file data28.txt (compact mmCIF, C-alpha atoms and all ligand atoms)
# COMPACT_ATOMS: atom_id res chain seq x y z
CA MET A 1 14.81 9.29 -27.49
CA GLU A 2 12.70 8.90 -24.41
CA VAL A 3 12.22 10.73 -21.14
CA HIS A 4 11.09 9.14 -17.93
CA VAL A 5 10.84 10.22 -14.34
CA GLY A 6 11.30 7.28 -12.02
CA ARG A 7 9.14 4.56 -13.53
CA THR A 8 6.88 7.00 -15.35
CA SER A 9 7.49 7.39 -19.05
CA LEU A 10 6.78 10.95 -20.22
CA VAL A 11 7.69 10.44 -23.88
CA ALA A 12 9.11 7.44 -25.73
CA GLY A 13 10.19 6.56 -29.23
CA VAL A 14 10.52 10.18 -30.34
CA ASP A 15 12.43 10.20 -33.62
CA TRP A 16 12.26 13.72 -34.93
CA ARG A 17 14.52 15.96 -36.97
CA VAL A 18 14.21 19.70 -37.55
CA ASP A 19 16.27 21.33 -40.30
CA TYR A 20 17.20 24.96 -40.73
CA GLY A 21 14.47 26.97 -42.37
CA GLN A 22 11.73 24.62 -41.21
CA ARG A 23 8.88 25.99 -39.10
CA TRP A 24 7.24 23.26 -37.07
CA VAL A 25 4.08 23.26 -35.01
CA VAL A 26 3.58 20.69 -32.26
CA LEU A 27 0.04 19.65 -31.37
CA GLY A 28 -1.50 17.19 -28.96
CA ARG A 29 -3.83 16.94 -25.99
CA ASN A 30 -2.98 18.25 -22.52
CA GLY A 31 -0.31 16.07 -20.99
CA ALA A 32 0.63 14.45 -24.31
CA GLY A 33 4.31 15.33 -23.86
CA LYS A 34 4.75 18.44 -26.03
CA SER A 35 6.56 20.53 -23.42
CA THR A 36 8.72 17.55 -22.47
CA ILE A 37 9.89 17.23 -26.07
CA LEU A 38 10.52 20.97 -26.21
CA SER A 39 12.49 20.85 -22.97
CA VAL A 40 14.88 18.35 -24.58
CA ALA A 41 15.12 20.44 -27.76
CA SER A 42 16.01 23.46 -25.61
CA THR A 43 18.61 21.30 -23.75
CA GLN A 44 16.91 22.00 -20.43
CA ARG A 45 16.25 18.30 -19.97
CA PHE A 46 18.41 15.31 -20.97
CA PRO A 47 16.83 12.27 -22.61
CA SER A 48 16.69 9.29 -20.27
CA ALA A 49 17.43 6.94 -23.17
CA GLY A 50 18.42 7.40 -26.79
CA THR A 51 20.17 10.46 -28.13
CA ALA A 52 19.36 14.09 -28.74
CA VAL A 53 21.49 16.16 -31.10
CA VAL A 54 20.81 19.88 -30.85
CA LEU A 55 22.40 22.26 -33.37
CA GLY A 56 24.86 19.52 -34.28
CA HIS A 57 25.91 18.80 -30.69
CA ARG A 58 25.05 15.58 -28.98
CA MET A 59 23.63 16.19 -25.55
CA GLY A 60 25.84 14.66 -22.88
CA ALA A 61 28.94 14.87 -25.08
CA VAL A 62 29.58 18.63 -25.03
CA ASP A 63 29.28 21.60 -22.72
CA LEU A 64 25.81 22.88 -23.53
CA ARG A 65 26.31 26.46 -22.36
CA ASP A 66 27.52 27.53 -25.80
CA VAL A 67 24.73 25.64 -27.57
CA ARG A 68 22.12 27.33 -25.38
CA THR A 69 23.20 30.79 -26.51
CA HIS A 70 21.95 29.86 -30.00
CA ILE A 71 18.51 28.77 -28.83
CA GLY A 72 15.72 31.29 -28.32
CA PHE A 73 12.88 30.31 -26.03
CA VAL A 74 9.48 31.95 -25.63
CA GLY A 75 7.12 30.51 -23.05
CA ALA A 76 3.64 31.63 -22.09
CA ASN A 77 4.49 31.62 -18.40
CA GLN A 78 7.94 33.01 -18.86
CA ARG A 79 8.40 36.04 -16.63
CA LEU A 80 9.80 39.16 -18.18
CA PRO A 81 12.37 41.10 -16.22
CA ASP A 82 9.81 43.67 -15.16
CA ALA A 83 10.50 43.89 -11.45
CA GLU A 84 12.12 47.29 -11.76
CA ASN A 85 9.67 48.86 -14.17
CA HIS A 86 11.92 48.29 -17.15
CA HIS A 87 10.79 49.64 -20.48
CA ALA A 88 10.07 47.26 -23.36
CA HIS A 89 13.28 48.32 -25.13
CA THR A 90 15.32 47.49 -22.02
CA VAL A 91 13.63 44.12 -21.66
CA VAL A 92 14.54 43.30 -25.28
CA LEU A 93 18.15 44.34 -24.55
CA THR A 94 18.34 41.79 -21.72
CA GLY A 95 17.85 39.13 -24.38
CA TYR A 96 21.26 40.09 -25.78
CA SER A 97 23.00 39.53 -22.46
CA GLY A 98 20.76 36.58 -21.56
CA SER A 99 20.27 38.21 -18.18
CA VAL A 100 17.29 39.04 -16.01
CA LEU A 101 18.59 42.51 -15.25
CA PRO A 102 20.08 44.83 -17.88
CA LEU A 103 23.87 44.78 -18.18
CA TRP A 104 24.19 48.29 -19.57
CA GLU A 105 27.92 48.14 -20.25
CA ARG A 106 27.28 45.43 -22.85
CA TYR A 107 24.81 47.39 -24.95
CA ASP A 108 26.44 49.73 -27.46
CA ASP A 109 24.54 51.83 -30.01
CA THR A 110 24.42 48.98 -32.54
CA ILE A 111 22.84 46.65 -29.98
CA ARG A 112 20.34 49.30 -28.88
CA ASP A 113 19.45 49.92 -32.49
CA ARG A 114 18.96 46.21 -33.03
CA ALA A 115 16.56 46.02 -30.09
CA ALA A 116 14.54 48.88 -31.58
CA LYS A 117 14.45 47.13 -34.98
CA LEU A 118 13.23 43.89 -33.40
CA LEU A 119 10.47 45.77 -31.59
CA GLU A 120 9.52 47.15 -35.00
CA LEU A 121 9.61 43.64 -36.54
CA VAL A 122 7.11 42.39 -33.96
CA GLY A 123 4.85 45.41 -34.42
CA CYS A 124 5.82 47.12 -31.16
CA ALA A 125 7.84 50.04 -32.51
CA ASP A 126 5.89 52.51 -30.36
CA LEU A 127 6.28 50.56 -27.12
CA GLY A 128 10.03 51.00 -26.63
CA ASP A 129 9.72 53.40 -23.73
CA ARG A 130 6.60 51.89 -22.18
CA PRO A 131 7.10 49.96 -18.93
CA VAL A 132 6.51 46.30 -19.73
CA ARG A 133 4.50 46.04 -16.52
CA VAL A 134 1.71 48.12 -18.12
CA CYS A 135 1.83 46.43 -21.55
CA SER A 136 -1.12 44.26 -22.52
CA GLN A 137 -0.70 40.49 -22.62
CA GLY A 138 -0.59 40.63 -26.42
CA GLU A 139 2.11 43.30 -26.36
CA ARG A 140 4.10 41.38 -23.79
CA ALA A 141 3.91 38.25 -25.94
CA ARG A 142 5.52 40.15 -28.80
CA VAL A 143 8.10 41.80 -26.52
CA ARG A 144 9.03 38.28 -25.34
CA LEU A 145 9.49 37.25 -28.97
CA ALA A 146 11.71 40.28 -29.69
CA ARG A 147 13.72 39.52 -26.53
CA ALA A 148 14.28 35.92 -27.64
CA LEU A 149 15.45 37.11 -31.06
CA MET A 150 17.97 39.53 -29.59
CA ALA A 151 20.56 36.76 -29.16
CA ASP A 152 20.25 35.98 -32.88
CA PRO A 153 19.23 32.34 -32.31
CA LEU A 154 19.55 29.56 -34.87
CA LEU A 155 16.63 27.74 -33.28
CA LEU A 156 13.56 29.43 -31.81
CA LEU A 157 11.23 27.44 -29.54
CA LEU A 158 7.82 28.81 -28.62
CA ASP A 159 5.77 27.00 -25.98
CA GLU A 160 2.13 28.12 -26.20
CA PRO A 161 3.03 31.70 -27.13
CA PHE A 162 -0.65 32.49 -27.86
CA ALA A 163 -1.95 31.54 -24.42
CA GLY A 164 -4.21 34.20 -23.00
CA LEU A 165 -4.30 36.36 -26.13
CA ASP A 166 -7.53 37.71 -27.57
CA MET A 167 -8.25 37.36 -31.29
CA PRO A 168 -6.53 40.60 -32.39
CA GLY A 169 -3.59 39.79 -30.09
CA ARG A 170 -3.31 36.38 -31.70
CA GLU A 171 -3.36 37.88 -35.18
CA ASP A 172 -0.70 40.45 -34.21
CA LEU A 173 1.59 37.70 -32.92
CA LEU A 174 0.94 35.60 -36.03
CA LEU A 175 1.86 38.57 -38.20
CA ALA A 176 5.05 39.03 -36.15
CA LEU A 177 5.96 35.37 -36.73
CA GLU A 178 5.21 35.65 -40.43
CA ASN A 179 7.35 38.80 -40.68
CA LEU A 180 10.09 36.92 -38.86
CA THR A 181 9.97 34.18 -41.48
CA ARG A 182 10.42 36.76 -44.21
CA ALA A 183 13.27 38.49 -42.34
CA GLN A 184 15.08 35.30 -41.27
CA PRO A 185 14.05 32.44 -43.57
CA GLU A 186 16.86 30.15 -42.33
CA LEU A 187 15.77 30.30 -38.69
CA ALA A 188 14.27 27.00 -37.51
CA THR A 189 11.20 27.43 -35.30
CA VAL A 190 9.11 25.03 -33.23
CA THR A 191 5.78 26.28 -31.87
CA VAL A 192 3.66 24.32 -29.42
CA THR A 193 0.03 25.27 -29.62
CA HIS A 194 -3.44 23.98 -28.77
CA HIS A 195 -5.42 25.61 -31.55
CA LEU A 196 -5.20 25.06 -35.28
CA GLU A 197 -6.23 28.70 -35.70
CA GLU A 198 -2.88 29.63 -34.15
CA VAL A 199 -0.81 27.81 -36.75
CA PRO A 200 1.01 30.48 -38.79
CA ALA A 201 0.37 30.36 -42.52
CA THR A 202 4.16 30.11 -42.89
CA ALA A 203 4.41 26.86 -40.87
CA THR A 204 6.00 24.10 -42.95
CA HIS A 205 5.81 20.96 -40.77
CA ALA A 206 3.73 19.49 -37.96
CA LEU A 207 4.45 17.02 -35.16
CA LEU A 208 1.47 15.31 -33.52
CA VAL A 209 1.89 13.80 -30.06
CA ARG A 210 -0.43 11.45 -28.20
CA ARG A 211 0.23 9.92 -24.77
CA GLY A 212 3.97 10.43 -24.97
CA ALA A 213 4.36 9.11 -28.51
CA VAL A 214 4.55 10.74 -31.91
CA THR A 215 1.54 9.83 -34.06
CA ALA A 216 2.60 11.81 -37.14
CA ALA A 217 5.41 14.10 -38.25
CA GLY A 218 6.12 15.68 -41.58
CA PRO A 219 5.07 18.35 -44.10
CA ILE A 220 2.12 20.21 -42.68
CA ASP A 221 -0.34 19.43 -45.50
CA GLU A 222 0.27 15.71 -45.04
CA VAL A 223 -0.07 15.77 -41.26
CA LEU A 224 -2.91 18.19 -40.49
CA THR A 225 -5.62 16.01 -41.98
CA ASN A 226 -8.91 14.82 -40.49
CA ASP A 227 -7.46 11.34 -39.94
CA GLY A 228 -4.15 12.59 -38.57
CA LEU A 229 -5.73 14.98 -36.09
CA SER A 230 -8.47 12.53 -35.09
CA ALA A 231 -5.83 9.91 -34.24
CA CYS A 232 -3.84 12.46 -32.26
CA TYR A 233 -6.77 13.89 -30.26
CA GLU A 234 -8.71 10.62 -30.02
CA ARG A 235 -11.83 12.45 -31.19
CA ASP A 236 -13.35 13.02 -34.59
CA VAL A 237 -11.69 16.18 -35.86
CA GLU A 238 -12.59 18.06 -39.00
CA VAL A 239 -10.02 20.47 -40.34
CA HIS A 240 -10.18 23.00 -43.16
CA ARG A 241 -7.77 25.39 -44.73
CA LEU A 242 -8.96 28.97 -45.07
CA ASN A 243 -6.84 31.64 -46.78
CA GLY A 244 -3.69 29.65 -46.02
CA ARG A 245 -4.61 29.20 -42.34
CA TRP A 246 -6.24 26.30 -40.51
CA VAL A 247 -9.57 25.93 -38.74
CA ALA A 248 -10.65 22.79 -36.90
CA GLN A 249 -13.48 21.37 -34.86
CA ALA A 250 -13.47 18.32 -32.60
CA ARG A 251 -16.70 16.45 -32.00
CA ALA A 252 -17.87 16.48 -28.40
CA VAL A 253 -18.41 13.20 -26.55
CA ARG A 254 -22.13 12.83 -25.76
N1 LIG B 301 8.77 15.93 -13.47
C1 LIG B 301 7.70 15.19 -13.76
N2 LIG B 301 7.37 14.13 -13.01
C2 LIG B 301 6.30 13.35 -13.31
N3 LIG B 301 5.51 13.55 -14.35
C3 LIG B 301 5.79 14.59 -15.14
C4 LIG B 301 6.90 15.46 -14.90
N4 LIG B 301 6.92 16.40 -15.88
C5 LIG B 301 5.86 16.14 -16.68
N5 LIG B 301 5.20 15.07 -16.24
C6 LIG B 301 4.00 14.46 -16.86
O1 LIG B 301 4.34 14.15 -18.18
C7 LIG B 301 3.22 14.30 -19.04
C8 LIG B 301 3.57 15.20 -20.21
O2 LIG B 301 3.73 16.52 -19.74
P1 LIG B 301 3.98 17.73 -20.74
O3 LIG B 301 4.05 18.97 -19.90
O4 LIG B 301 5.13 17.42 -21.61
O5 LIG B 301 2.65 17.70 -21.59
P2 LIG B 301 2.08 18.78 -22.62
O6 LIG B 301 1.69 18.03 -23.84
O7 LIG B 301 3.04 19.89 -22.79
O8 LIG B 301 0.79 19.25 -21.83
P3 LIG B 301 -0.02 20.65 -21.84
O9 LIG B 301 -0.61 20.80 -23.19
O10 LIG B 301 -1.06 20.44 -20.79
O11 LIG B 301 0.96 21.72 -21.49
C9 LIG B 301 2.09 14.85 -18.16
O12 LIG B 301 1.24 13.79 -17.80
C10 LIG B 301 2.82 15.39 -16.94
O13 LIG B 301 2.04 15.32 -15.77
call {"tool": "encode", "arguments": {"input": "data28.txt", "output": "structure tokens"}}
result
Amino acid sequence: MEVHVGRTSLVAGVDWRVDYGQRWVVLGRNGAGKSTILSVASTQRFPSAGTAVVLGHRMGAVDLRDVRTHIGFVGANQRLPDAENHHAHTVVLTGYSGSVLPLWERYDDTIRDRAAKLLELVGCADLGDRPVRVCSQGERARVRLARALMADPLLLLLDEPFAGLDMPGREDLLLALENLTRAQPELATVTVTHHLEEVPATATHALLVRRGAVTAAGPIDEVLTNDGLSACYERDVEVHRLNGRWVAQARAVR
């Protein structure tokens, strides 16, 4: 598929398939087209040419409202419904109703219990009655994740979920994602990130994007190589695996 705006091509020739239980990371330089690809996967944007099939439904051929209820989305700049000083538990509940404001009549005891369990899953069990407005960025990132999971998605998309987090915050979110894999191994996830250090140890596949085109896609060990990353970033990149995780360095241009 491809996406263009007017005469400008944002991405082209993207031929990519995600299966249930796969956990993808998407890497590439600023402006490479990662968010554009994610916006098609989340059905927010239609391809300009070619086809996109999301959760078995071809975009353009079906009403996407139903499909969207099965897609969880976590974005770095996504605003939480915090305008009215809602507590973290309430914010997670709004993920069930897919609403900005809580729809209290829709949350029975089972749903409330589920929200509490998801806060526990993401390591925020103690934050339930804390106003989200006072939560740290790292805590909010995990509350956002719990909120996205509340609708029980089949596909979870995360666009730079680590942005702005310090090192412990990053590790806490990584642990939450790894716990999620254990709890819901069939869930398909796609995480856009800029740093190899943010790739969860449980990631299975990687998609590399350069200037609107895919340079590599496949099992993570085959894709996150020095050659693969150097081609994607157009710099010499050296990558190592350390305790199941990834560390990388790009050579500066002198
Ligand atoms: N509506 C639009 N009109 C014109 N150009 C656009 C539009 N949306 C995105 N672009 C351009 O398309 C390219 C890809 O953008 P995209 O946001 O997908 O990149 P990205 O890889 O997610 O970048 P980053 O890592 O900086 O977030 C960029 O050059 C961007 O300026």
call {"tool": "closest_residue", "arguments": {"input": "data28.txt", "among": "A:Cys232, A:Ala151, A:Leu173, A:Ala76", "to": "Cys124 (chain A)", "atoms": "all atoms listed in the file"}}
result
A:Leu173
call {"tool": "atom_distance", "arguments": {"input": "data28.txt", "atom1": "atom N3 of ligand LIG 301 (chain B)", "atom2": "CA of Thr8 (chain A)"}}
result
6.8 Å
call {"tool": "residues_near_ligand", "arguments": {"input": "data28.txt", "ligand": "ligand LIG 301 (chain B)", "cutoff": "6 Å", "atoms": "only C-alpha atoms and all ligand atoms", "output": "PDB file with C-alpha atoms, in the coordinates of the input"}}
result
ATOM      1  CA  VAL A   5      10.840  10.220 -14.340  1.00  0.00           C
ATOM      2  CA  LEU A  10       6.780  10.950 -20.220  1.00  0.00           C
ATOM      3  CA  ARG A  29      -3.830  16.940 -25.990  1.00  0.00           C
ATOM      4  CA  ASN A  30      -2.980  18.250 -22.520  1.00  0.00           C
ATOM      5  CA  GLY A  31      -0.310  16.070 -20.990  1.00  0.00           C
ATOM      6  CA  ALA A  32       0.630  14.450 -24.310  1.00  0.00           C
ATOM      7  CA  GLY A  33       4.310  15.330 -23.860  1.00  0.00           C
ATOM      8  CA  LYS A  34       4.750  18.440 -26.030  1.00  0.00           C
ATOM      9  CA  SER A  35       6.560  20.530 -23.420  1.00  0.00           C
ATOM     10  CA  THR A  36       8.720  17.550 -22.470  1.00  0.00           C
TER      11      THR A  36
END
call {"tool": "residues_around", "arguments": {"input": "data28.txt", "residues": "His57 (chain A)", "least_positions_apart": "2", "cutoff": "12 Å", "atoms": "all atoms listed in the file", "output": "PyMOL selection string"}}
result
chain A and resi 41+43+51-55+59-68+70
call {"tool": "closest_residue", "arguments": {"input": "data28.txt", "among": "A:Val192, A:Leu121, A:Ala213, A:Leu155", "to": "Asn179 (chain A)", "atoms": "only C-alpha atoms"}}
result
A:Leu121
